file protein35.cif (mmCIF, C-alpha atoms and all ligand atoms)
data_start
loop_
_atom_site.label_atom_id
_atom_site.label_comp_id
_atom_site.auth_asym_id
_atom_site.auth_seq_id
_atom_site.Cartn_x
_atom_site.Cartn_y
_atom_site.Cartn_z
CA MET A 1 19.43 89.18 -17.95
CA ASP A 2 21.23 88.40 -14.74
CA GLY A 3 18.76 90.55 -12.88
CA LYS A 4 19.16 93.72 -10.87
CA VAL A 5 21.34 93.62 -7.73
CA VAL A 6 20.57 95.95 -4.81
CA ALA A 7 22.45 96.06 -1.52
CA VAL A 8 20.51 96.59 1.70
CA VAL A 9 22.57 98.13 4.49
CA PRO A 10 21.02 97.88 7.96
CA ALA A 11 22.39 100.87 9.88
CA ALA A 12 19.54 101.48 12.29
CA GLY A 13 21.08 100.03 15.44
CA LEU A 14 21.93 102.06 18.52
CA GLY A 15 25.41 100.63 19.08
CA ARG A 16 24.83 100.01 22.79
CA ARG A 17 27.93 97.88 23.25
CA MET A 18 30.09 100.65 21.81
CA GLY A 19 28.87 102.96 24.56
CA ALA A 20 29.47 106.13 22.53
CA GLN A 21 27.29 109.25 22.36
CA ARG A 22 26.15 108.37 18.86
CA PRO A 23 25.38 105.07 17.11
CA LYS A 24 28.71 103.51 16.10
CA GLN A 25 28.01 103.76 12.35
CA PHE A 26 28.37 107.54 12.61
CA LEU A 27 31.66 107.49 14.55
CA PRO A 28 34.88 108.43 12.77
CA LEU A 29 37.03 105.60 11.47
CA ALA A 30 40.42 106.65 10.14
CA GLY A 31 39.18 110.17 9.56
CA ARG A 32 35.68 109.69 8.12
CA PRO A 33 32.35 108.27 9.27
CA LEU A 34 32.40 104.49 9.58
CA LEU A 35 29.17 104.26 7.57
CA SER A 36 30.69 106.20 4.67
CA ARG A 37 33.44 103.58 4.50
CA THR A 38 30.96 100.68 4.39
CA LEU A 39 29.02 102.44 1.64
CA GLY A 40 32.28 103.20 -0.14
CA GLN A 41 33.08 99.48 -0.38
CA LEU A 42 29.65 98.86 -1.93
CA GLN A 43 30.17 101.80 -4.28
CA ALA A 44 33.40 100.13 -5.42
CA ALA A 45 31.76 96.73 -5.96
CA ALA A 46 30.87 96.51 -9.64
CA VAL A 47 28.16 93.88 -9.04
CA VAL A 48 26.11 96.26 -6.87
CA GLU A 49 23.82 98.57 -8.84
CA GLN A 50 22.05 100.43 -6.06
CA VAL A 51 22.10 100.66 -2.28
CA VAL A 52 19.24 101.00 0.19
CA LEU A 53 20.40 102.52 3.46
CA VAL A 54 18.36 101.79 6.60
CA CYS A 55 18.89 104.40 9.35
CA PRO A 56 17.66 105.08 12.87
CA PRO A 57 14.26 106.80 12.47
CA GLY A 58 14.71 110.56 12.37
CA GLN A 59 18.36 110.36 11.34
CA GLU A 60 17.85 109.79 7.61
CA GLU A 61 18.70 113.39 6.74
CA ALA A 62 21.76 113.49 9.00
CA ALA A 63 23.04 110.20 7.57
CA TRP A 64 22.64 111.54 4.06
CA GLU A 65 24.35 114.84 4.82
CA GLN A 66 27.21 113.39 6.89
CA CYS A 67 27.86 109.96 5.40
CA VAL A 68 26.58 109.89 1.83
CA ARG A 69 26.62 113.26 0.06
CA PRO A 70 30.18 114.39 0.97
CA TYR A 71 31.63 111.12 -0.35
CA GLY A 72 29.98 110.93 -3.76
CA LEU A 73 28.27 107.62 -3.00
CA ALA A 74 26.02 107.76 -6.04
CA LYS A 75 24.70 104.22 -5.69
CA VAL A 76 22.76 105.08 -2.53
CA ALA A 77 19.25 105.28 -3.97
CA CYS A 78 17.28 105.86 -0.79
CA VAL A 79 17.50 106.18 2.98
CA VAL A 80 14.67 104.56 4.93
CA PRO A 81 13.89 104.41 8.68
CA GLY A 82 14.65 101.11 10.38
CA GLY A 83 12.85 99.15 13.06
CA LYS A 84 13.30 97.85 16.58
CA GLU A 85 15.27 94.71 15.78
CA ARG A 86 17.81 94.24 13.04
CA GLN A 87 15.37 91.91 11.28
CA ASP A 88 12.72 94.65 11.26
CA SER A 89 15.23 97.02 9.69
CA VAL A 90 16.11 94.48 7.01
CA ALA A 91 12.39 94.01 6.28
CA VAL A 92 12.01 97.76 5.65
CA GLY A 93 15.12 97.78 3.46
CA LEU A 94 13.92 94.78 1.52
CA ALA A 95 10.62 96.48 0.72
CA ALA A 96 12.58 99.47 -0.62
CA ALA A 97 14.80 97.16 -2.68
CA ALA A 98 11.69 95.51 -4.16
CA GLU A 99 10.39 98.95 -5.13
CA LEU A 100 13.66 99.63 -6.92
CA GLY A 101 13.02 96.46 -8.95
CA ALA A 102 15.70 94.29 -7.37
CA ASP A 103 15.97 90.63 -8.37
CA TRP A 104 18.91 89.93 -6.02
CA VAL A 105 19.78 91.50 -2.71
CA LEU A 106 23.03 91.62 -0.78
CA VAL A 107 22.38 92.38 2.89
CA HIS A 108 25.46 93.91 4.46
CA ASP A 109 25.92 95.30 7.99
CA ALA A 110 26.81 98.98 8.24
CA ALA A 111 29.08 97.82 11.05
CA ARG A 112 31.39 95.91 8.66
CA PRO A 113 33.34 98.66 6.93
CA LEU A 114 36.21 96.46 5.71
CA ALA A 115 34.38 94.02 3.43
CA ALA A 116 36.34 93.94 0.17
CA PRO A 117 34.43 94.71 -3.05
CA GLU A 118 35.38 91.27 -4.43
CA LEU A 119 33.60 89.59 -1.49
CA PHE A 120 30.27 91.04 -2.65
CA ALA A 121 30.93 89.53 -6.09
CA ARG A 122 31.74 86.06 -4.71
CA VAL A 123 28.74 85.97 -2.38
CA LEU A 124 26.44 87.05 -5.19
CA ALA A 125 27.87 84.43 -7.56
CA ALA A 126 27.25 81.69 -4.99
CA ALA A 127 23.75 82.98 -4.28
CA ARG A 128 22.92 82.82 -7.99
CA GLY A 129 23.61 79.08 -7.80
CA CYS A 130 21.01 78.12 -5.21
CA GLY A 131 19.24 81.29 -4.07
CA ALA A 132 21.18 82.08 -0.90
CA ALA A 133 24.82 82.43 0.19
CA VAL A 134 26.71 83.92 3.11
CA ALA A 135 30.26 85.03 3.77
CA ALA A 136 31.73 83.03 6.65
CA MET A 137 35.01 82.02 8.25
CA PRO A 138 35.92 78.50 9.36
CA ALA A 139 36.25 78.38 13.15
CA ARG A 140 39.93 78.52 14.07
CA ASP A 141 39.64 78.09 17.79
CA THR A 142 38.14 75.02 19.39
CA VAL A 143 34.49 75.73 20.15
CA LYS A 144 32.85 74.48 23.32
CA GLN A 145 29.25 74.61 24.42
CA ASP A 146 28.44 75.47 28.03
CA ASP A 147 25.71 74.12 30.27
CA GLY A 148 24.45 77.60 31.08
CA GLN A 149 26.38 77.66 34.35
CA GLY A 150 29.93 78.22 33.24
CA ARG A 151 30.77 74.55 32.76
CA VAL A 152 31.65 72.83 29.53
CA GLN A 153 28.93 70.56 28.24
CA ALA A 154 30.39 69.61 24.89
CA THR A 155 33.23 70.22 22.48
CA LEU A 156 31.91 70.74 18.98
CA ALA A 157 33.62 69.33 15.91
CA ARG A 158 35.53 72.35 14.70
CA GLU A 159 35.97 71.05 11.16
CA ARG A 160 32.37 71.85 10.36
CA LEU A 161 31.88 75.08 12.27
CA TRP A 162 31.71 78.46 10.55
CA LEU A 163 31.47 81.96 11.92
CA VAL A 164 29.05 83.86 9.77
CA GLN A 165 29.54 87.39 8.47
CA THR A 166 27.79 89.62 5.99
CA PRO A 167 27.37 90.14 3.04
CA GLN A 168 24.58 87.62 2.66
CA GLY A 169 23.08 87.29 -0.81
CA PHE A 170 19.59 86.14 -1.76
CA ALA A 171 17.12 85.91 -4.58
CA LEU A 172 14.72 88.66 -3.55
CA PRO A 173 11.54 86.51 -3.58
CA LEU A 174 13.25 83.87 -1.42
CA LEU A 175 14.27 86.34 1.28
CA GLN A 176 10.86 88.02 1.11
CA GLU A 177 9.15 84.70 1.70
CA ALA A 178 11.52 83.77 4.54
CA LEU A 179 11.10 87.16 6.22
CA ALA A 180 7.33 87.20 5.86
CA ARG A 181 7.10 83.74 7.40
CA ALA A 182 9.38 84.71 10.30
CA GLN A 183 7.56 87.99 10.99
CA ALA A 184 4.20 86.20 10.97
CA GLU A 185 5.51 83.61 13.41
CA ARG A 186 7.35 86.21 15.49
CA PHE A 187 10.58 84.35 14.94
CA TYR A 188 13.78 86.37 15.14
CA ALA A 189 17.12 85.17 13.83
CA THR A 190 20.48 86.88 14.17
CA ASP A 191 21.05 86.72 10.43
CA GLU A 192 18.94 86.54 7.29
CA ALA A 193 20.27 83.16 6.21
CA GLY A 194 18.80 81.74 9.43
CA LEU A 195 15.35 82.63 8.12
CA VAL A 196 15.97 80.97 4.78
CA GLU A 197 17.30 77.82 6.49
CA ARG A 198 14.01 77.68 8.36
CA LEU A 199 12.23 77.23 5.06
CA GLY A 200 14.44 74.20 4.50
CA ARG A 201 16.24 75.90 1.63
CA GLU A 202 19.91 75.63 0.76
CA VAL A 203 22.34 78.31 1.89
CA ARG A 204 25.91 78.24 0.58
CA LEU A 205 29.00 79.18 2.55
CA VAL A 206 31.48 81.50 0.88
CA MET A 207 34.94 82.08 2.34
CA GLY A 208 34.83 85.48 4.03
CA SER A 209 37.75 87.43 5.37
CA ARG A 210 39.27 87.95 8.78
CA ASP A 211 39.52 91.66 8.04
CA ASN A 212 35.76 91.79 7.55
CA LEU A 213 35.27 92.35 11.24
CA LYS A 214 32.09 93.64 12.79
CA ILE A 215 32.65 96.81 14.76
CA THR A 216 31.03 96.24 18.14
CA THR A 217 33.26 97.75 20.86
CA PRO A 218 35.93 100.50 21.00
CA ALA A 219 38.60 97.79 20.66
CA ASP A 220 37.08 96.72 17.31
CA LEU A 221 37.13 100.32 16.16
CA ALA A 222 40.80 100.59 17.09
CA LEU A 223 41.61 97.34 15.28
CA ALA A 224 39.79 98.50 12.15
CA GLU A 225 41.67 101.78 12.34
CA ALA A 226 44.97 99.91 12.61
CA LEU A 227 44.06 97.74 9.61
CA LEU A 228 43.16 100.82 7.59
CA THR A 229 46.13 102.91 8.59
CA GLY A 230 48.59 100.04 8.66
CA GLY A 231 49.80 100.83 12.15
CA ALA A 232 48.94 100.72 15.78
CA SER A 233 46.19 103.20 16.26
CA GLY A 234 43.14 103.93 18.32
CA MET A 235 45.66 105.40 20.72
CA ARG A 236 44.95 108.81 22.20
CA VAL A 237 47.20 111.36 23.83
CA GLY A 238 46.46 113.99 26.47
CA GLN A 239 48.45 116.49 28.43
CA GLY A 240 48.11 117.92 31.93
CA LEU A 241 49.71 120.82 33.76
CA ASP A 242 49.57 121.66 37.47
CA ALA A 243 51.30 124.07 39.85
CA HIS A 244 51.18 124.56 43.62
CA ARG A 245 52.61 127.08 46.04
CA LEU A 246 55.24 126.01 48.61
CA GLU A 247 54.72 126.91 52.25
CA ALA A 248 55.91 125.94 55.69
CA GLY A 249 53.99 123.46 57.80
CA ARG A 250 52.88 121.20 54.95
CA PRO A 251 54.24 117.78 53.98
CA LEU A 252 55.85 117.54 50.55
CA ILE A 253 54.22 114.67 48.65
CA LEU A 254 55.27 113.93 45.09
CA GLY A 255 54.20 110.85 43.16
CA GLY A 256 52.77 109.49 46.39
CA VAL A 257 56.16 109.70 48.14
CA ARG A 258 56.62 111.85 51.24
CA ILE A 259 59.88 113.74 50.74
CA PRO A 260 61.74 115.30 53.69
CA TYR A 261 61.90 119.10 53.14
CA GLU A 262 61.22 122.20 55.21
CA LEU A 263 58.35 123.27 52.90
CA GLY A 264 55.36 121.47 51.43
CA LEU A 265 52.86 122.18 48.67
CA ARG A 266 49.64 123.97 49.52
CA GLY A 267 46.38 122.62 48.17
CA HIS A 268 42.93 121.34 49.01
CA SER A 269 44.09 117.72 48.67
CA ASP A 270 47.62 116.55 49.48
CA ALA A 271 48.73 118.83 46.57
CA ASP A 272 50.75 116.08 44.87
CA VAL A 273 51.53 118.14 41.81
CA ILE A 274 52.96 115.26 39.74
CA THR A 275 49.98 112.98 40.32
CA HIS A 276 47.61 115.86 39.53
CA ALA A 277 49.29 116.54 36.19
CA VAL A 278 49.10 112.81 35.38
CA MET A 279 45.38 112.70 36.22
CA ASP A 280 44.69 115.69 34.00
CA ALA A 281 46.67 114.14 31.15
CA LEU A 282 44.66 110.90 31.39
CA LEU A 283 41.32 112.69 31.55
CA ALA A 284 42.34 114.90 28.63
CA ALA A 285 43.29 111.88 26.49
CA ALA A 286 39.86 110.35 27.09
CA GLY A 287 38.07 113.65 26.56
CA LEU A 288 36.69 113.51 30.10
CA GLY A 289 37.50 117.04 31.23
CA ASP A 290 39.84 117.66 34.16
CA ILE A 291 40.30 116.98 37.86
CA GLY A 292 38.78 120.33 38.80
CA GLY A 293 35.52 119.04 37.36
CA LEU A 294 35.86 115.54 38.79
CA PHE A 295 37.07 116.41 42.31
CA PRO A 296 35.98 120.02 42.95
CA ASP A 297 38.02 121.74 45.69
CA SER A 298 34.73 123.12 47.04
CA ASP A 299 33.93 119.52 48.06
CA PRO A 300 35.09 118.75 51.62
CA ALA A 301 35.33 115.07 50.66
CA TYR A 302 38.63 115.87 48.95
CA ALA A 303 40.21 117.89 51.76
CA GLY A 304 43.67 116.41 52.35
CA ALA A 305 42.82 113.62 49.90
CA ASP A 306 45.49 111.09 48.94
CA SER A 307 46.10 111.87 45.29
CA LEU A 308 47.02 108.26 44.49
CA ALA A 309 43.50 107.29 45.58
CA LEU A 310 42.10 110.00 43.30
CA LEU A 311 44.26 108.62 40.49
CA ALA A 312 42.68 105.22 41.04
CA GLN A 313 39.29 106.86 40.59
CA VAL A 314 40.46 108.45 37.35
CA VAL A 315 41.61 105.05 36.06
CA GLU A 316 38.20 103.65 36.95
CA ARG A 317 36.52 106.54 35.15
CA LEU A 318 38.57 105.83 32.03
CA ALA A 319 37.68 102.14 32.15
CA ARG A 320 34.00 102.99 32.23
CA ALA A 321 34.55 105.02 29.07
CA GLY A 322 36.37 102.05 27.45
CA TRP A 323 39.99 103.17 27.90
CA ARG A 324 43.07 102.14 29.80
CA PRO A 325 46.39 103.98 30.35
CA ALA A 326 49.21 102.76 28.12
CA GLN A 327 52.03 105.10 29.01
CA VAL A 328 52.67 108.19 31.11
CA SER A 329 55.47 110.71 31.09
CA ALA A 330 55.78 113.54 33.59
CA THR A 331 58.26 116.32 34.25
CA LEU A 332 58.55 118.11 37.58
CA ALA A 333 59.92 121.64 37.65
CA ALA A 334 61.32 122.41 41.12
CA GLN A 335 64.36 124.32 42.33
CA ALA A 336 64.79 122.17 45.45
CA PRO A 337 64.96 119.63 47.03
CA LYS A 338 66.68 116.94 44.93
CA VAL A 339 63.99 114.46 43.96
CA ALA A 340 66.10 112.03 41.90
CA PRO A 341 66.61 109.58 44.81
CA HIS A 342 62.81 109.30 45.15
CA VAL A 343 62.00 108.84 41.46
CA PRO A 344 62.05 105.01 41.46
CA ALA A 345 59.53 104.91 44.33
CA MET A 346 57.32 107.48 42.62
CA ARG A 347 57.36 105.47 39.39
CA ARG A 348 56.41 102.33 41.28
CA ASN A 349 53.56 104.14 43.03
CA LEU A 350 52.10 105.61 39.88
CA ALA A 351 52.63 102.44 37.82
CA GLY A 352 50.92 100.36 40.49
CA VAL A 353 47.78 102.49 40.40
CA LEU A 354 47.83 102.78 36.60
CA GLY A 355 48.23 99.03 36.13
CA LEU A 356 51.44 99.57 34.17
CA ALA A 357 55.02 98.43 34.37
CA PRO A 358 57.29 101.09 35.93
CA GLU A 359 59.02 101.36 32.53
CA ALA A 360 55.79 102.75 31.10
CA VAL A 361 55.83 105.61 33.62
CA ASN A 362 58.65 108.06 33.12
CA LEU A 363 59.44 110.82 35.56
CA ALA A 364 61.89 113.60 34.91
CA ALA A 365 62.82 116.56 37.08
CA THR A 366 64.32 119.90 36.22
CA THR A 367 65.14 123.17 37.92
CA THR A 368 64.42 126.43 36.13
CA GLU A 369 67.92 127.74 36.84
CA GLY A 370 66.63 130.19 39.39
CA LEU A 371 64.12 131.73 37.00
CA GLY A 372 60.54 132.60 37.84
CA PHE A 373 58.38 131.45 40.77
CA ILE A 374 59.82 127.97 40.54
CA GLY A 375 63.39 129.21 40.51
CA ARG A 376 62.72 131.43 43.53
CA GLY A 377 61.42 128.38 45.36
CA GLU A 378 57.87 129.77 45.71
CA GLY A 379 56.22 126.78 44.11
CA MET A 380 56.49 123.73 41.89
CA ALA A 381 54.89 122.76 38.60
CA ALA A 382 54.48 119.51 36.72
CA LEU A 383 53.65 118.73 33.12
CA ALA A 384 52.46 115.29 32.05
CA THR A 385 51.57 113.45 28.87
CA ALA A 386 49.49 110.29 28.84
CA THR A 387 48.67 107.85 26.08
CA ILE A 388 45.61 105.66 26.42
CA VAL A 389 44.31 102.76 24.34
CA PRO A 390 40.90 101.09 24.10
CA LEU A 391 40.34 98.48 26.80
CA GLY A 392 40.96 94.99 25.56
CA ARG A 393 43.92 95.91 23.38
CA ALA A 394 47.36 94.58 24.08
N1 LIG B 401 20.80 97.21 13.03
C1 LIG B 401 19.68 97.77 12.43
N2 LIG B 401 18.51 97.87 13.12
C2 LIG B 401 18.41 97.44 14.40
C3 LIG B 401 19.54 96.87 15.03
C4 LIG B 401 20.73 96.75 14.32
O1 LIG B 401 19.76 98.16 11.27
N3 LIG B 401 17.25 97.58 15.02
C5 LIG B 401 22.07 97.13 12.29
C6 LIG B 401 23.22 97.85 12.98
O2 LIG B 401 23.19 99.25 12.69
C7 LIG B 401 24.44 97.14 12.44
C8 LIG B 401 23.93 95.75 12.13
O3 LIG B 401 22.51 95.81 12.19
O4 LIG B 401 24.92 97.73 11.26
C9 LIG B 401 24.50 94.72 13.10
O5 LIG B 401 23.99 94.94 14.42
P1 LIG B 401 24.90 95.19 15.69
O6 LIG B 401 26.32 95.02 15.36
O7 LIG B 401 24.30 94.44 16.81
O8 LIG B 401 24.70 96.78 15.92
P2 LIG B 401 23.88 97.53 17.04
O9 LIG B 401 22.59 96.85 17.29
O10 LIG B 401 23.83 98.96 16.64
O11 LIG B 401 24.84 97.41 18.31
P3 LIG B 401 24.47 96.89 19.78
O12 LIG B 401 23.90 95.51 19.60
O13 LIG B 401 25.76 96.92 20.52
O14 LIG B 401 23.47 97.86 20.33
MG MG B 402 22.57 94.76 18.07
#

call {"tool": "encode", "arguments": {"input": "protein35.cif", "output": "structure tokens"}}
result
Amino acid sequence: MDGKVVAVVPAAGLGRRMGAQRPKQFLPLAGRPLLSRTLGQLQAAAVVEQVVLVCPPGQEEAAWEQCVRPYGLAKVACVVPGGKERQDSVAVGLAAAAELGADWVLVHDAARPLAAPELFARVLAAARGCGAAVAAMPARDTVKQDDGQGRVQATLARERLWLVQTPQGFALPLLQEALARAQAERFYATDEAGLVERLGREVRLVMGSRDNLKITTPADLALAEALLTGGASGMRVGQGLDAHRLEAGRPLILGGVRIPYELGLRGHSDADVITHAVMDALLAAAGLGDIGGLFPDSDPAYAGADSLALLAQVVERLARAGWRPAQVSATLAAQAPKVAPHVPAMRRNLAGVLGLAPEAVNLAATTTEGLGFIGRGEGMAALATATIVPLGRA
């Protein structure tokens, strides 16, 4: 008698701001696809009877195989192709919900995987009262309005400001009417409640949750991962290894420091073996390949190149992929000369380029007790480990 409740999950966006290879809803979050987690929360919400999933056109099958079937999400009744704008996707999902005989719909972003099952129940209960309700958080920070040119125009009264989330619950006919009117008038809102407000109808605010964050950038993904795993995560680790031959007539440059010695390392660039291992570790952590691919030694541009400058390029490359170095540790294996006196300068050099405190860059040196090519003084090798975190994280 309370009527049938169907959830509509818009998951047809491209996730441009995430900048990943695939739409963000298909990316792994704490070991399984983000979308499967969102659907899992709806599966666990007793008030939801069925779920309509709206996917990027052409990816319905993949979504089903990767995000629905392996996780036993039996409430997912159908997967339908979405549209250009979020509102178009919701319109398609709403039509499918109507076909399933829905009386009430809960629209919930695929990109909000941490909505608690009880939140769906509270939003629905409020919607039953007046026809429409949304999860929202009171603004905590002071909110200012700009004049479009980076200057403050006004400070808004925070007491009455809310930041709106999903789920958003509606009587199906009400949302259908609001959507039809908006589509006819080519009006686009950033949420469904906005369309209902346009009809002059009441929309209730329901206390949402801070954890119910919308995954938009890699930093959001890392935060969600940390919330789910209860620890600092989103961190990645990579390792790098490099070796160069020693010969006469070359300068010895390690960690950007020129060290007095009768031999130097041979290489296309300045052959700074420590910095090379660090670059490879950073690239490995970000899944960006290695320095051979980035700075090919067939390219004359890198002849005699300053490896610290190349490191700066690697840092830039990481930033473009949404990462920053968090910590680096390197070990040099060399029989001679003694490098310990130069270690503080090397740490400062590397830390400066990496944007880190020298404490976050450790350098160790070891001999190999006369063993092997290193022990015989024919060459040097360096091994490095780097941890990186999403940009924007502390
Ligand atoms: N969405 C959708 N159809 C669209 C656009 C968005 O179903 N044409 C969905 C997204 O998949 C997401 C939700 O609406 O679950 C909220 O949108 P948003 O966070 O903006 O996701 P994207 O549009 O994918 O991301 P971006 O704006 O960065 O491209
Ligand atoms: Mg979008």

call {"tool": "closest_residue", "arguments": {"input": "protein35.cif", "among": "A:Gly240, A:Gly375, A:Gly83, A:Gly31", "to": "ligand MG 402 (chain B)", "atoms": "only C-alpha atoms and all ligand atoms"}}
result
A:Gly83

call {"tool": "residues_around", "arguments": {"input": "protein35.cif", "residues": "stretch 298-311 of chain A", "least_positions_apart": "5", "cutoff": "12 Å", "atoms": "all atoms listed in the file", "output": "MDAnalysis selection string"}}
result
chainID A and resid 250:251 253:258 265:283 290:293 316:318 325 346:355

call {"tool": "closest_atom_pairs", "arguments": {"input": "protein35.cif", "of": "chain A", "to": "ligand MG 402 (chain B)", "cutoff": "9 Å", "atoms": "all atoms listed in the file", "output": "tab-separated table"}}
result
residue	atom	partner	partner_atom	distance
A:Gly13	CA	B:MG402	MG	6.1
A:Leu14	CA	B:MG402	MG	7.3
A:Gly15	CA	B:MG402	MG	6.6
A:Arg16	CA	B:MG402	MG	7.4
A:Arg17	CA	B:MG402	MG	8.1
A:Glu85	CA	B:MG402	MG	7.7
A:Arg86	CA	B:MG402	MG	6.9
A:Thr216	CA	B:MG402	MG	8.6

call {"tool": "write_last_selection", "arguments": {"input": "protein35.cif", "atoms": "C-alpha atoms", "output": "tab-separated table (two decimals), in the coordinates of the input"}}
result
chain	number	residue	atom	x	y	z
A	13	GLY	CA	21.08	100.03	15.44
A	14	LEU	CA	21.93	102.06	18.52
A	15	GLY	CA	25.41	100.63	19.08
A	16	ARG	CA	24.83	100.01	22.79
A	17	ARG	CA	27.93	97.88	23.25
A	85	GLU	CA	15.27	94.71	15.78
A	86	ARG	CA	17.81	94.24	13.04
A	216	THR	CA	31.03	96.24	18.14

call {"tool": "residues_near_ligand", "arguments": {"input": "protein35.cif", "ligand": "ligand LIG 401 (chain B)", "cutoff": "9 Å", "atoms": "all atoms listed in the file", "output": "PDB file with C-alpha atoms, in the coordinates of the input"}}
result
ATOM      1  CA  VAL A   9      22.570  98.130   4.490  1.00  0.00           C
ATOM      2  CA  PRO A  10      21.020  97.880   7.960  1.00  0.00           C
ATOM      3  CA  ALA A  11      22.390 100.870   9.880  1.00  0.00           C
ATOM      4  CA  ALA A  12      19.540 101.480  12.290  1.00  0.00           C
ATOM      5  CA  GLY A  13      21.080 100.030  15.440  1.00  0.00           C
ATOM      6  CA  LEU A  14      21.930 102.060  18.520  1.00  0.00           C
ATOM      7  CA  GLY A  15      25.410 100.630  19.080  1.00  0.00           C
ATOM      8  CA  ARG A  16      24.830 100.010  22.790  1.00  0.00           C
ATOM      9  CA  ARG A  17      27.930  97.880  23.250  1.00  0.00           C
ATOM     10  CA  MET A  18      30.090 100.650  21.810  1.00  0.00           C
ATOM     11  CA  GLY A  19      28.870 102.960  24.560  1.00  0.00           C
ATOM     12  CA  PRO A  23      25.380 105.070  17.110  1.00  0.00           C
ATOM     13  CA  LYS A  24      28.710 103.510  16.100  1.00  0.00           C
ATOM     14  CA  GLN A  25      28.010 103.760  12.350  1.00  0.00           C
ATOM     15  CA  LEU A  35      29.170 104.260   7.570  1.00  0.00           C
ATOM     16  CA  LEU A  53      20.400 102.520   3.460  1.00  0.00           C
ATOM     17  CA  VAL A  54      18.360 101.790   6.600  1.00  0.00           C
ATOM     18  CA  CYS A  55      18.890 104.400   9.350  1.00  0.00           C
ATOM     19  CA  PRO A  56      17.660 105.080  12.870  1.00  0.00           C
ATOM     20  CA  PRO A  81      13.890 104.410   8.680  1.00  0.00           C
ATOM     21  CA  GLY A  82      14.650 101.110  10.380  1.00  0.00           C
ATOM     22  CA  GLY A  83      12.850  99.150  13.060  1.00  0.00           C
ATOM     23  CA  LYS A  84      13.300  97.850  16.580  1.00  0.00           C
ATOM     24  CA  GLU A  85      15.270  94.710  15.780  1.00  0.00           C
ATOM     25  CA  ARG A  86      17.810  94.240  13.040  1.00  0.00           C
ATOM     26  CA  GLN A  87      15.370  91.910  11.280  1.00  0.00           C
ATOM     27  CA  ASP A  88      12.720  94.650  11.260  1.00  0.00           C
ATOM     28  CA  SER A  89      15.230  97.020   9.690  1.00  0.00           C
ATOM     29  CA  VAL A  90      16.110  94.480   7.010  1.00  0.00           C
ATOM     30  CA  HIS A 108      25.460  93.910   4.460  1.00  0.00           C
ATOM     31  CA  ASP A 109      25.920  95.300   7.990  1.00  0.00           C
ATOM     32  CA  ALA A 110      26.810  98.980   8.240  1.00  0.00           C
ATOM     33  CA  ALA A 111      29.080  97.820  11.050  1.00  0.00           C
ATOM     34  CA  ARG A 112      31.390  95.910   8.660  1.00  0.00           C
ATOM     35  CA  THR A 190      20.480  86.880  14.170  1.00  0.00           C
ATOM     36  CA  LYS A 214      32.090  93.640  12.790  1.00  0.00           C
ATOM     37  CA  ILE A 215      32.650  96.810  14.760  1.00  0.00           C
ATOM     38  CA  THR A 216      31.030  96.240  18.140  1.00  0.00           C
ATOM     39  CA  THR A 217      33.260  97.750  20.860  1.00  0.00           C
TER      40      THR A 217
END

call {"tool": "atom_distance", "arguments": {"input": "protein35.cif", "atom1": "atom CA of A:Gln153", "atom2": "atom CA of A:Val134"}}
result
28.5 Å

call {"tool": "residues_around", "arguments": {"input": "protein35.cif", "residues": "A:Val143", "least_positions_apart": "6", "cutoff": "8 Å", "atoms": "only C-alpha atoms", "output": "list in words"}}
result
Thr155, Leu156, Ala157 and Arg158 of chain A

call {"tool": "atom_distance", "arguments": {"input": "protein35.cif", "atom1": "atom CA of A:Leu27", "atom2": "atom CA of A:Asn212"}}
result
17.7 Å

call {"tool": "closest_residue", "arguments": {"input": "protein35.cif", "among": "A:Leu252, A:Val152, A:Met235, A:Ala384", "to": "A:Leu223", "atoms": "all atoms listed in the file"}}
result
A:Met235

call {"tool": "atom_distance", "arguments": {"input": "protein35.cif", "atom1": "atom CA of A:Pro117", "atom2": "atom CA of A:Gln50"}}
result
14.0 Å

call {"tool": "closest_residue", "arguments": {"input": "protein35.cif", "among": "A:Tyr71, A:Trp64, A:Phe170, A:Phe120", "to": "A:Ala102", "atoms": "only C-alpha atoms"}}
result
A:Phe170

call {"tool": "closest_residue", "arguments": {"input": "protein35.cif", "among": "A:Ala97, A:Ala381, A:Leu288, A:Met207", "to": "A:Val76", "atoms": "all atoms listed in the file"}}
result
A:Ala97

call {"tool": "closest_residue", "arguments": {"input": "protein35.cif", "among": "A:Ala125, A:Ala243, A:Val80, A:Leu29", "to": "A:Ala96", "atoms": "only C-alpha atoms"}}
result
A:Val80
